[in-house]
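Only one structure is covered here, and it is reproduced in the block below.
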Amino acid sequence: MTTSAPTRNLNVSSYIAEAIRLEMEADDAIVVLGEDVGRQGGVFGSTRGLQKRFGDRRVLDTPISEMAFTGMGVGLAMSGYRPMIEIMFVDFIGVCLEQVYNAIAKNRYMSGGNVAMPVVIKTAGGCIGSAAQHSQCLWGTFAHLPGMHVVAPSSPYDAKGLMAAALQSDDPVVYIEHKALLLSKSADFAHGAEVPKERYTVPIGEAATVRDGGDVTIATLSANVRDALRAAEELSTEGIDVEVIDLRSVVPLDTATVAASVARTRRLLVVDEDYLSFGLSGELITRVLETLGPSGIEVVRRLGVADVPIPAARSLEEAVVPGATAIAEAVRAMAS
Amino acid sequence: MTTSAPTRNLNVSSYIAEAIRLEMEADDAIVVLGEDVGRQGGVFGSTRGLQKRFGDRRVLDTPISEMAFTGMGVGLAMSGYRPMIEIMFVDFIGVCLEQVYNAIAKNRYMSGGNVAMPVVIKTAGGCIGSAAQHSQCLWGTFAHLPGMHVVAPSSPYDAKGLMAAALQSDDPVVYIEHKALLLSKSADFAHGAEVPKERYTVPIGEAATVRDGGDVTIATLSANVRDALRAAEELSTEGIDVEVIDLRSVVPLDTATVAASVARTRRLLVVDEDYLSFGLSGELITRVLETLGPSGIEVVRRLGVADVPIPAARSLEEAVVPGATAIAEAVRAMAS
Amino acid sequence: MSNQLHEHLATMLRIRAFEEACLEGVASGEIHGELHTAIGQEAIGAGMAGVLRDDDALVSTHRNHAHALAKGVPLVPMLAEIFERATGLCGGYGGHMHLFDRDRLFSTTGIVGATLPVALGHAYAMVLDGSDAVAVGVTGDGGVNTGGFHESLNLAGALALPLVVLVENNDLAISVVSSEVSAAGSVERAPAYAARGQRVDGTDPVAVEAAFRAAVDHARAGGGPSIVEATCHRFRGHYEGDPDLYRSAEEKDALTAHDPIARARRLLLADGATEAELDELATRARTELEQALAEVRAAPAPDPAGAHDHVTLLPTGGPR
Amino acid sequence: MSNQLHEHLATMLRIRAFEEACLEGVASGEIHGELHTAIGQEAIGAGMAGVLRDDDALVSTHRNHAHALAKGVPLVPMLAEIFERATGLCGGYGGHMHLFDRDRLFSTTGIVGATLPVALGHAYAMVLDGSDAVAVGVTGDGGVNTGGFHESLNLAGALALPLVVLVENNDLAISVVSSEVSAAGSVERAPAYAARGQRVDGTDPVAVEAAFRAAVDHARAGGGPSIVEATCHRFRGHYEGDPDLYRSAEEKDALTAHDPIARARRLLLADGATEAELDELATRARTELEQALAEVRAAPAPDPAGAHDHVTLLPTGGPR
Ligand SMILES: Cc1ncc(C[n+]2csc(CCOP(=O)(O)OP(=O)(O)O)c2C)c(N)n1
Ligand SMILES: Cc1ncc(C[n+]2csc(CCOP(=O)(O)OP(=O)(O)O)c2C)c(N)n1
Ligand SMILES: [Mg+2]
Ligand SMILES: [Mg+2]
């Protein structure tokens, strides 16, 4: 737990806007396209101030035409720009996935390496009470489709650093911010609360061990890192010593860090706010199994949204979305 | 191996058309919508004869407007119809996934069970040489999103029976036919070559053990079943006794059948023509691990398209798509 | 006219009271997700009310309460759904953006542009049925720039389907001024789809009713699709909680001049109605909503044990 | 005019020879995937040739060879790509439907309707650059009913971007007669996007050039988007192997009457050209392609060891 108050206490969305501003200052090729990214500065504020600073051409408020402006990212990239495309909620990706997975993610390959696609898809995921069509995470969906990196930060520090890394990447990066985190302030975080004002990057593809422990390994990401840390605090009072790994990137997935931890704890719990099946949890467990062999593992478990849409009512929502209580319970069952 | 010639020796696509015809005769509520499904009878022939038989309203040739006609499936279902929507190639799903996963797959849930969505999405997957945008399988993509069943038949018998089951289902079913199989005839198949003329169903969610064996379990589906059987024949001459399980359904996934086999063989190879990561193979291995525990398994392996788009040139394509040779090699490595 | 307007005023007051009840739910935390109200846009719902039959279909958007009421969706279950109660129209599974009334062929979606393909499916069903029912798809001015709008209207035009596209044009898609990012108006696009096009003052319920009825009649008679564009004003932020800083204070102050309820009152008073009589209408609406609210609040939250029900009929067999 | 047509004929013959070389590749199995030729539609590519600059962008479809040649993409690497060779434009990774020439801002996609958003991005880049270059997006008549068409043209119109949409109207989308499933023609849709619209006989290269040049000039001058619709005829099946049973034998026989090459020959002969002179043009084209084919066939297939290269620069770290 961070005990001292962080130097700055802004919304996570402000740190993201800061990252974008700094990168845009450093690189004229970056342009931002999306709904409400300009005049409003984003419905969650994560592009606030950019249009004032860079003008309404470099920060373009688009109509509700995701297929067109996602495809614009392809043409802009081939013309030498580095577009950042905002899909307001990740749930809307079904109207434009085509340009994402058939063009942005494949053009480098299909061109035999001749054409680069430095495109950032920035989008918001996660539950804040808005039911089945506005609460999904879907990083597993992007991760299954080759040609893109996929990141989902859990802290103010990573939110800024991974955005900078995404904008500097010459590969497509899907950046999935969590709505609940966007609206949280530094002081709400037990990890990564301190955010430098300067440019820096957090490397894509590297997990971070945000809490050391020897009994059980929890691998998770995004808002669930907070829940896992809370659960770990609680469990520590019961004598269970939990290691919490923040995956940070889904693609590339840092199997090595997780496997090294499980090699010690022999117990792995994967916590994933995305749908449970055919996604991150199965992939990570399989990779750890491939790395350590069956004899290297004693217990595996996973918590996720168990293949059910997100319901509207709070009572139902809490029953399907994994939180600190469910995590603590799962760990207890594994440790005993 | 089937030694006697099958009674009928039609294309797999003809058996699918037959299934649809029989179901449409039995149920007036079934309507078929898609590009080229009518006058042409489908680019692979799997709706041949239907428009002549049922008229151009019940079998509608649509413009290239997948979002509109996929959404029509939603309205038709709420009006009491049982639409079958054809997305010519599964690769095109990116233009209309929205109506599939946010409406077809969720309306029953979002309505608290009040609205049924008996919609079949019929689509062709798999490699026949048409490169990155026309060769994908993507069953993992559908499977990750809750609210749909996903099937992918491997034989003439299952192609007809699963289509019938899909059309009878009150839930949405994504039916992924394999282009290479569609153009194959009964006599090309070592399993399920005999197809009755009458109506019958193959139950959704049940795997089939298409070859018994005691040394290694191969779990696979769709065209790879043929490859696995070929590999198994070859391996049997080397004294390796392979069990081949045709999963048939991705959702629901018949973990029990696979786990029961692995409980005997202690060796599991998953072969999947879809992208390797964050898909079927990781999910199945994890579920088997959850069922048997680490001590119940000795070796797991998986073969798939290793997170690379499908290349155009044959030499490259063969290097990324798993076939009989790669399967045999993988089994040899596991058995030794 | 005056009788008709009197009735429209009553409907508008009921819609406003409904929306205000919802605002209470946001303030109290009983509604914990996004909420979009039609405050300021009530004349459109009022003009639609009574025009459609039960067997006509209506597919609405994220800003759907007025349309649901216009279609005759029962008020208490609807409010209960929005208030996340077990007694809600959808048992609390759907919430404000996902209302489904199977018997009245009413449904909604939270995805912009997604209403029209669904309405098109209903329209096609009506042709298959050989019925003279019609389907209505609602969209905002933002939704007309989606691909779904184009694909649906083209198909409706090519097949002459009984589809009415109602465009609620408040000239805002959240913060984006739609006319600034649209190359042409919705009505001007009608010829591209062999559709009837009509623009109407969406603060005048009598005019809305006339235009909407004409379009519905046209569809019923087999004339094919129409676009009815109703111009209106969004009084509040896009959703509750939207700071709405993209509009100036003056701009927002000027909105009240376009209040359809004040307008109807003015006209009715000029036409001889009494203040008391009109106040009575307002009271009646508020009373209905107070009682509804009390009933809704007495209902339980959905039982979390059922959270995994209703995904599919046949279990998908995934791990829990 | 006759000089111009002479040159167009040479271009058309080159395109036809190219397509015929590809047919050989299908027959021999050297091309093992789908192939779509522009045989019968050569006048469009010929009319486009020479109008665009290297810094103009051109985004084409599944039926793209003629456009690539018109944009100046080098013939031999292009043929090699289609023939799946290591020396191909994209090293054999892309194939016939996925041609990329970075330096000439030429690219293609196999997804119908997906060309226009990409072309729109190029057009936006040109505005950001402050250049007078233009972007051209090609679509067939089938592609105009996709959502991407609508969204892209609306944005181009609203922002007055230098976008030319070239519609190759052969009135067929595989087997579906587009005019039967379209509520209006492409040109009739131009007003919906504040775009210039012009229909032209796509078997007349001179007319195509004039219309295309006018649209390009309009865009260069800052006038915004255009739709140029060129009517034409698809001589062969949709792809090689398509049994094309959805057209009657008479219908297919009648196609030759619309052969743009025969038409140009006729006109030139009437205008005083000699048979020998025109035959010489045909021979020259065939010879170029024979040589190209020989060169291509001498080249190796791509090394399978590289099949996993080029996915991303930074490895994605997945298991192999
Ligand atoms: C495909 C899609 N893109 C973006 C959104 C986010 N969104 C919700 S409502 C809205 C604005 C809609 O504007 P309009 O259609 O005019 O309706 P209004 O809110 O004015 O009633 C946006 C952008 C969405 N729900 N779906
Ligand atoms: C989104 C999408 N839907 C369907 C297809 C399959 N398909 C490929 S070409 C084609 C017909 C295209 O017709 P048109 O645009 O007129 O072009 P043409 O083939 O006549 O040149 C279709 C349906 C596709 N590639 N992409
Ligand atoms: Mg609006
Ligand atoms: Mg065509």
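Residues in the structure tokens are numbered from 1 in each chain, the chains being A, B, ... in the order shown, and ligands are numbered from 1 in the order shown.
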Cα-based least-squares overlay of chain D on chain C, as a short mmCIF file (atom, residue, chain, number, x, y, z; two decimals) with C-alpha atoms, in the first residue's frame:
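Once written, out-v2.cif looks like this:
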data_model
loop_
_atom_site.label_atom_id
_atom_site.label_comp_id
_atom_site.auth_asym_id
_atom_site.auth_seq_id
_atom_site.Cartn_x
_atom_site.Cartn_y
_atom_site.Cartn_z
CA MET D 1 -57.03 20.42 -33.27
CA SER D 2 -57.37 21.71 -29.74
CA ASN D 3 -58.78 18.39 -28.53
CA GLN D 4 -55.91 16.58 -30.14
CA LEU D 5 -53.35 18.93 -28.64
CA HIS D 6 -54.97 18.54 -25.27
CA GLU D 7 -54.43 14.83 -25.47
CA HIS D 8 -50.89 15.31 -26.72
CA LEU D 9 -50.16 17.58 -23.79
CA ALA D 10 -51.35 14.89 -21.40
CA THR D 11 -49.04 12.39 -23.10
CA MET D 12 -46.11 14.78 -23.03
CA LEU D 13 -46.68 15.43 -19.35
CA ARG D 14 -46.75 11.71 -18.70
CA ILE D 15 -43.48 11.26 -20.56
CA ARG D 16 -41.86 14.14 -18.70
CA ALA D 17 -43.06 12.79 -15.37
CA PHE D 18 -41.66 9.40 -16.31
CA GLU D 19 -38.27 10.89 -17.16
CA GLU D 20 -38.27 12.89 -13.97
CA ALA D 21 -38.99 9.77 -11.98
CA CYS D 22 -35.94 8.23 -13.63
CA LEU D 23 -33.83 11.21 -12.63
CA GLU D 24 -34.76 10.42 -9.05
CA GLY D 25 -33.50 6.91 -9.55
CA VAL D 26 -30.14 8.20 -10.70
CA ALA D 27 -29.85 10.59 -7.79
CA SER D 28 -30.72 7.83 -5.33
CA GLY D 29 -28.38 5.31 -6.91
CA GLU D 30 -31.25 2.95 -7.67
CA ILE D 31 -30.27 3.28 -11.32
CA HIS D 32 -26.55 2.64 -11.30
CA GLY D 33 -25.81 2.78 -15.03
CA GLU D 34 -26.17 5.36 -17.77
CA LEU D 35 -29.52 7.06 -18.23
CA HIS D 36 -30.63 9.04 -21.27
CA THR D 37 -33.84 11.03 -21.04
CA ALA D 38 -36.03 12.57 -23.71
CA ILE D 39 -36.72 15.71 -21.70
CA GLY D 40 -37.44 18.44 -24.24
CA GLN D 41 -38.26 15.88 -26.93
CA GLU D 42 -41.63 14.73 -25.58
CA ALA D 43 -43.65 15.97 -28.55
CA ILE D 44 -42.22 13.21 -30.72
CA GLY D 45 -43.36 10.42 -28.45
CA ALA D 46 -46.71 12.14 -28.04
CA GLY D 47 -47.14 12.47 -31.80
CA MET D 48 -46.37 8.77 -32.25
CA ALA D 49 -48.70 7.61 -29.50
CA GLY D 50 -51.86 5.99 -30.79
CA VAL D 51 -50.72 5.75 -34.38
CA LEU D 52 -49.28 2.27 -34.11
CA ARG D 53 -51.13 -0.99 -33.56
CA ASP D 54 -50.00 -3.75 -31.23
CA ASP D 55 -48.92 -5.80 -34.24
CA ASP D 56 -46.79 -2.99 -35.62
CA ALA D 57 -43.16 -3.15 -34.51
CA LEU D 58 -41.14 -0.36 -32.98
CA VAL D 59 -37.40 -0.54 -32.41
CA SER D 60 -35.84 2.23 -30.39
CA THR D 61 -32.50 3.55 -29.20
CA HIS D 62 -30.69 4.44 -26.00
CA ARG D 63 -33.16 7.33 -25.61
CA ASN D 64 -36.21 5.14 -25.69
CA HIS D 65 -38.68 5.77 -22.87
CA ALA D 66 -41.00 8.03 -24.83
CA HIS D 67 -41.20 5.56 -27.69
CA ALA D 68 -41.95 2.70 -25.36
CA LEU D 69 -44.80 4.63 -23.79
CA ALA D 70 -46.05 5.58 -27.26
CA LYS D 71 -46.11 1.90 -28.19
CA GLY D 72 -48.18 1.09 -25.13
CA VAL D 73 -45.53 -0.70 -23.13
CA PRO D 74 -46.94 -0.87 -19.60
CA LEU D 75 -45.48 1.89 -17.49
CA VAL D 76 -44.90 0.20 -14.18
CA PRO D 77 -42.91 -2.82 -15.43
CA MET D 78 -40.94 -0.44 -17.62
CA LEU D 79 -40.08 1.82 -14.73
CA ALA D 80 -39.28 -1.23 -12.64
CA GLU D 81 -36.85 -2.44 -15.30
CA ILE D 82 -35.10 0.90 -15.38
CA PHE D 83 -34.98 0.80 -11.58
CA GLU D 84 -33.31 -2.61 -11.78
CA ARG D 85 -36.11 -4.53 -10.07
CA ALA D 86 -37.07 -8.18 -10.28
CA THR D 87 -40.55 -7.09 -11.39
CA GLY D 88 -39.12 -5.21 -14.37
CA LEU D 89 -40.16 -5.84 -17.94
CA CYS D 90 -37.01 -7.97 -18.31
CA GLY D 91 -36.56 -9.00 -14.70
CA GLY D 92 -33.77 -6.48 -14.24
CA TYR D 93 -31.49 -8.21 -16.75
CA GLY D 94 -31.84 -5.59 -19.46
CA GLY D 95 -32.05 -2.18 -17.86
CA HIS D 96 -32.85 1.18 -19.36
CA MET D 97 -31.13 0.61 -22.70
CA HIS D 98 -32.50 -2.86 -23.30
CA LEU D 99 -36.27 -2.96 -23.07
CA PHE D 100 -38.15 -5.81 -24.68
CA ASP D 101 -41.91 -6.16 -24.90
CA ARG D 102 -42.47 -9.21 -27.02
CA ASP D 103 -46.24 -8.87 -27.28
CA ARG D 104 -46.07 -5.31 -28.59
CA LEU D 105 -43.07 -6.00 -30.82
CA PHE D 106 -41.16 -3.33 -28.98
CA SER D 107 -37.42 -3.53 -28.41
CA THR D 108 -34.40 -1.30 -28.01
CA THR D 109 -30.66 -1.42 -28.38
CA GLY D 110 -27.89 0.72 -26.96
CA ILE D 111 -25.84 0.57 -30.13
CA VAL D 112 -26.32 3.57 -32.39
CA GLY D 113 -27.52 2.61 -35.86
CA ALA D 114 -28.43 -0.89 -34.72
CA THR D 115 -32.15 -0.21 -34.52
CA LEU D 116 -32.78 -0.05 -38.25
CA PRO D 117 -31.59 -3.51 -39.28
CA VAL D 118 -33.82 -4.97 -36.58
CA ALA D 119 -36.80 -2.90 -37.67
CA LEU D 120 -36.09 -4.02 -41.22
CA GLY D 121 -36.38 -7.62 -40.11
CA HIS D 122 -39.77 -6.89 -38.61
CA ALA D 123 -40.81 -5.19 -41.85
CA TYR D 124 -39.74 -8.24 -43.81
CA ALA D 125 -41.65 -10.47 -41.44
CA MET D 126 -44.77 -8.44 -42.14
CA VAL D 127 -44.40 -9.01 -45.85
CA LEU D 128 -43.84 -12.72 -45.28
CA ASP D 129 -46.92 -12.75 -43.05
CA GLY D 130 -48.94 -11.01 -45.71
CA SER D 131 -50.02 -8.56 -43.05
CA ASP D 132 -50.45 -4.81 -43.35
CA ALA D 133 -48.53 -4.16 -40.17
CA VAL D 134 -45.55 -1.83 -40.36
CA ALA D 135 -42.19 -1.53 -38.63
CA VAL D 136 -40.75 1.65 -37.22
CA GLY D 137 -37.06 2.14 -36.54
CA VAL D 138 -35.97 5.14 -34.50
CA THR D 139 -32.60 6.79 -34.81
CA GLY D 140 -31.08 10.06 -33.73
CA ASP D 141 -29.39 12.47 -36.10
CA GLY D 142 -26.12 10.84 -35.09
CA GLY D 143 -27.36 7.43 -36.15
CA VAL D 144 -28.05 8.47 -39.72
CA ASN D 145 -24.32 8.47 -40.44
CA THR D 146 -23.92 4.81 -39.54
CA GLY D 147 -23.58 2.13 -42.15
CA GLY D 148 -26.63 0.36 -40.75
CA PHE D 149 -28.83 3.28 -41.75
CA HIS D 150 -27.72 3.03 -45.36
CA GLU D 151 -27.87 -0.72 -45.67
CA SER D 152 -31.30 -0.91 -44.06
CA LEU D 153 -32.88 1.87 -46.04
CA ASN D 154 -31.48 0.54 -49.28
CA LEU D 155 -32.94 -2.89 -48.62
CA ALA D 156 -36.25 -1.39 -47.56
CA GLY D 157 -36.37 0.68 -50.73
CA ALA D 158 -35.30 -2.12 -53.04
CA LEU D 159 -37.89 -4.51 -51.59
CA ALA D 160 -40.51 -1.81 -50.91
CA LEU D 161 -40.79 -2.91 -47.29
CA PRO D 162 -43.16 -1.27 -44.79
CA LEU D 163 -40.45 0.52 -42.84
CA VAL D 164 -40.73 3.95 -41.26
CA VAL D 165 -37.47 5.49 -40.12
CA LEU D 166 -38.09 8.12 -37.52
CA VAL D 167 -35.13 10.45 -37.10
CA GLU D 168 -35.12 12.43 -33.88
CA ASN D 169 -32.96 15.33 -34.90
CA ASN D 170 -31.73 17.24 -31.87
CA ASP D 171 -28.62 18.07 -33.92
CA LEU D 172 -26.38 16.57 -31.28
CA ALA D 173 -24.62 13.27 -31.03
CA ILE D 174 -23.35 13.65 -27.49
CA SER D 175 -21.14 16.70 -28.06
CA VAL D 176 -20.81 16.54 -31.83
CA VAL D 177 -23.09 18.83 -33.80
CA SER D 178 -24.48 16.45 -36.37
CA SER D 179 -25.08 19.04 -39.04
CA GLU D 180 -21.35 19.82 -38.93
CA VAL D 181 -20.39 16.25 -39.69
CA SER D 182 -23.22 15.37 -42.07
CA ALA D 183 -22.95 16.08 -45.77
CA ALA D 184 -26.73 16.32 -46.16
CA GLY D 185 -29.91 16.21 -44.11
CA SER D 186 -31.74 12.95 -43.49
CA VAL D 187 -34.72 13.98 -45.57
CA GLU D 188 -32.45 14.95 -48.44
CA ARG D 189 -31.18 11.39 -48.38
CA ALA D 190 -34.60 9.84 -48.96
CA PRO D 191 -34.26 9.75 -52.76
CA ALA D 192 -31.13 7.63 -52.41
CA TYR D 193 -33.41 4.93 -51.05
CA ALA D 194 -36.57 5.47 -53.09
CA ALA D 195 -38.08 6.55 -49.80
CA ARG D 196 -40.60 9.16 -48.86
CA GLY D 197 -38.99 11.98 -46.91
CA GLN D 198 -40.63 14.52 -44.63
CA ARG D 199 -39.24 16.97 -42.11
CA VAL D 200 -41.41 18.14 -39.29
CA ASP D 201 -41.17 20.40 -36.27
CA GLY D 202 -40.60 17.91 -33.52
CA THR D 203 -41.78 20.28 -30.82
CA ASP D 204 -45.26 20.26 -32.37
CA PRO D 205 -47.00 16.98 -31.51
CA VAL D 206 -49.84 17.62 -33.92
CA ALA D 207 -47.42 18.05 -36.79
CA VAL D 208 -45.45 15.01 -35.69
CA GLU D 209 -48.60 12.91 -35.57
CA ALA D 210 -49.63 14.00 -39.03
CA ALA D 211 -46.24 13.28 -40.58
CA PHE D 212 -45.80 10.02 -38.73
CA ARG D 213 -49.31 8.86 -39.59
CA ALA D 214 -48.76 9.68 -43.24
CA ALA D 215 -45.58 7.60 -43.27
CA VAL D 216 -47.24 4.70 -41.47
CA ASP D 217 -50.22 4.80 -43.82
CA HIS D 218 -47.89 4.90 -46.80
CA ALA D 219 -46.09 1.81 -45.52
CA ARG D 220 -49.38 0.02 -44.69
CA ALA D 221 -50.58 0.66 -48.20
CA GLY D 222 -47.49 -1.02 -49.63
CA GLY D 223 -45.78 2.18 -50.63
CA GLY D 224 -42.45 1.29 -49.11
CA PRO D 225 -40.15 3.10 -46.73
CA SER D 226 -40.25 6.64 -45.37
CA ILE D 227 -37.89 8.88 -43.48
CA VAL D 228 -39.62 11.19 -41.03
CA GLU D 229 -37.24 13.69 -39.50
CA ALA D 230 -38.47 15.49 -36.39
CA THR D 231 -36.33 18.43 -35.32
CA CYS D 232 -36.05 18.90 -31.58
CA HIS D 233 -33.86 19.96 -28.71
CA ARG D 234 -32.09 17.95 -26.05
CA PHE D 235 -32.55 19.80 -22.80
CA ARG D 236 -30.17 17.88 -20.59
CA GLY D 237 -26.72 16.39 -21.00
CA HIS D 238 -26.42 13.35 -23.25
CA TYR D 239 -26.72 11.13 -20.22
CA GLU D 240 -27.24 11.95 -16.56
CA GLY D 241 -23.84 12.95 -15.26
CA ASP D 242 -22.71 14.45 -18.55
CA PRO D 243 -21.28 17.85 -17.54
CA ASP D 244 -22.42 19.15 -20.95
CA LEU D 245 -19.59 21.69 -21.11
CA TYR D 246 -19.57 21.57 -24.90
CA ARG D 247 -22.59 23.89 -24.96
CA SER D 248 -22.40 27.44 -23.68
CA ALA D 249 -24.57 28.58 -20.78
CA GLU D 250 -26.47 30.89 -23.15
CA GLU D 251 -27.07 28.06 -25.54
CA LYS D 252 -28.47 25.94 -22.77
CA ASP D 253 -30.55 28.76 -21.35
CA ALA D 254 -32.09 29.33 -24.76
CA LEU D 255 -33.39 25.76 -24.85
CA THR D 256 -36.45 26.42 -22.71
CA ALA D 257 -37.87 28.53 -25.51
CA HIS D 258 -38.33 25.24 -27.36
CA ASP D 259 -40.11 23.39 -24.60
CA PRO D 260 -42.89 21.43 -26.32
CA ILE D 261 -44.91 21.30 -23.13
CA ALA D 262 -44.79 25.05 -22.59
CA ARG D 263 -45.62 25.51 -26.24
CA ALA D 264 -48.69 23.29 -26.06
CA ARG D 265 -49.83 25.03 -22.91
CA ARG D 266 -49.52 28.40 -24.57
CA LEU D 267 -51.51 27.29 -27.57
CA LEU D 268 -54.21 25.67 -25.50
CA LEU D 269 -54.56 28.66 -23.23
CA ALA D 270 -54.81 30.90 -26.26
CA ASP D 271 -57.44 28.51 -27.52
CA GLY D 272 -59.52 28.92 -24.36
CA ALA D 273 -58.27 26.27 -21.99
CA THR D 274 -57.92 27.24 -18.35
CA GLU D 275 -54.75 27.16 -16.30
CA ALA D 276 -56.46 24.96 -13.74
CA GLU D 277 -57.50 22.42 -16.32
CA LEU D 278 -53.95 22.17 -17.65
CA ASP D 279 -52.42 22.08 -14.20
CA GLU D 280 -54.76 19.21 -13.49
CA LEU D 281 -53.23 17.30 -16.40
CA ALA D 282 -49.77 17.82 -14.95
CA THR D 283 -50.91 16.71 -11.53
CA ARG D 284 -52.50 13.60 -12.95
CA ALA D 285 -49.24 12.65 -14.67
CA ARG D 286 -47.18 13.28 -11.57
CA THR D 287 -49.58 11.29 -9.45
CA GLU D 288 -49.46 8.33 -11.79
CA LEU D 289 -45.69 8.38 -11.62
CA GLU D 290 -45.60 8.80 -7.86
CA GLN D 291 -47.76 5.74 -7.49
CA ALA D 292 -45.70 3.83 -10.03
CA LEU D 293 -42.51 4.79 -8.24
CA ALA D 294 -43.89 3.61 -4.94
CA GLU D 295 -44.88 0.30 -6.49
CA VAL D 296 -41.49 -0.08 -8.13
CA ARG D 297 -39.63 0.76 -4.97
CA ALA D 298 -41.54 -1.86 -3.05
CA ALA D 299 -40.36 -4.53 -5.43
CA PRO D 300 -37.26 -6.61 -4.70
CA ALA D 301 -33.96 -6.52 -6.53
CA PRO D 302 -33.39 -9.54 -8.79
CA ASP D 303 -32.14 -12.62 -7.00
CA PRO D 304 -28.41 -12.96 -7.73
CA ALA D 305 -28.84 -16.72 -7.82
CA GLY D 306 -30.48 -16.29 -11.21
CA ALA D 307 -27.68 -14.22 -12.73
CA HIS D 308 -26.58 -17.06 -14.98
CA ASP D 309 -30.05 -17.94 -16.25
CA HIS D 310 -31.46 -17.02 -19.65
CA VAL D 311 -28.19 -17.04 -21.58
CA THR D 312 -29.39 -19.86 -23.77
CA LEU D 313 -32.07 -22.50 -23.42
CA LEU D 314 -29.64 -25.35 -23.87
CA PRO D 315 -26.75 -24.82 -21.45
CA THR D 316 -23.52 -23.76 -23.13
CA GLY D 317 -21.66 -26.01 -20.79
CA GLY D 318 -18.93 -23.56 -19.83
CA PRO D 319 -17.29 -23.65 -16.43
CA ARG D 320 -18.69 -21.40 -13.72
#
Using only C-alpha atoms and all ligand atoms, which residues of chain B come within 10 Å of ligand 2, and what is the closest atom pair for each, with the distance in Å to one decimal? Give it as a Markdown table, sorted by chain and residue number.
| residue | atom | partner | partner_atom_place_in_ligand_line | distance |
| --- | --- | --- | --- | --- |
| B:Gly34 | CA | ligand 2 | 4 (C) | 9.5 |
| B:Glu35 | CA | ligand 2 | 23 (C) | 6.3 |
| B:Asp36 | CA | ligand 2 | 23 (C) | 7.7 |
| B:Val43 | CA | ligand 2 | 6 (C) | 9.3 |
| B:Thr62 | CA | ligand 2 | 23 (C) | 9.5 |
| B:Pro63 | CA | ligand 2 | 23 (C) | 8.0 |
| B:Ile64 | CA | ligand 2 | 3 (N) | 5.6 |
| B:Ser65 | CA | ligand 2 | 3 (N) | 7.5 |
| B:Glu66 | CA | ligand 2 | 1 (C) | 6.8 |
| B:Met67 | CA | ligand 2 | 1 (C) | 9.3 |
| B:Ile87 | CA | ligand 2 | 3 (N) | 7.5 |
| B:Met88 | CA | ligand 2 | 4 (C) | 6.3 |
| B:Phe89 | CA | ligand 2 | 6 (C) | 7.2 |
| B:Val90 | CA | ligand 2 | 3 (N) | 9.6 |
| B:Asp91 | CA | ligand 2 | 26 (N) | 8.2 |
| B:Phe92 | CA | ligand 2 | 1 (C) | 5.1 |
| B:Ile93 | CA | ligand 2 | 1 (C) | 7.8 |
| B:Gly94 | CA | ligand 2 | 1 (C) | 8.2 |
| B:Val95 | CA | ligand 2 | 1 (C) | 6.3 |
| B:Cys96 | CA | ligand 2 | 1 (C) | 8.8 |
| B:Gln133 | CA | ligand 2 | 25 (N) | 8.4 |
| B:His134 | CA | ligand 2 | 25 (N) | 8.0 |
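With only C-alpha atoms as the atoms that count, the minimum distance from Gly279 of chain B to the choices A:Ala190, A:Leu253, A:Ala143, A:Ile176 is reached by A:Ala143.
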Check every residue of chain A for an atom within 6 Å of chain C, counting only C-alpha atoms, and provide those that qualify as an NGL selection string.
-> :A and (36 or 40 or 63-65 or 129-130 or 306 or 311-313 or 315-316 or 319)
Can you check which residues of segment 36-111 of chain B DSSP gives as alpha helix (DSSP H) on the backbone and send them as a list of chain:residue names?
->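 DSSP-assigned alpha helix (DSSP H) residues in segment 36-111 of chain B: B:Leu50, B:Gln51, B:Lys52, B:Arg53, B:Phe54, B:Gly55, B:Asp56, B:Arg57, B:Arg58, B:Glu66, B:Met67, B:Ala68, B:Phe69, B:Thr70, B:Gly71, B:Met72, B:Gly73, B:Val74, B:Gly75, B:Leu76, B:Ala77, B:Met78, B:Leu97, B:Glu98, B:Gln99, B:Asn107, B:Arg108, B:Tyr109, B:Met110.
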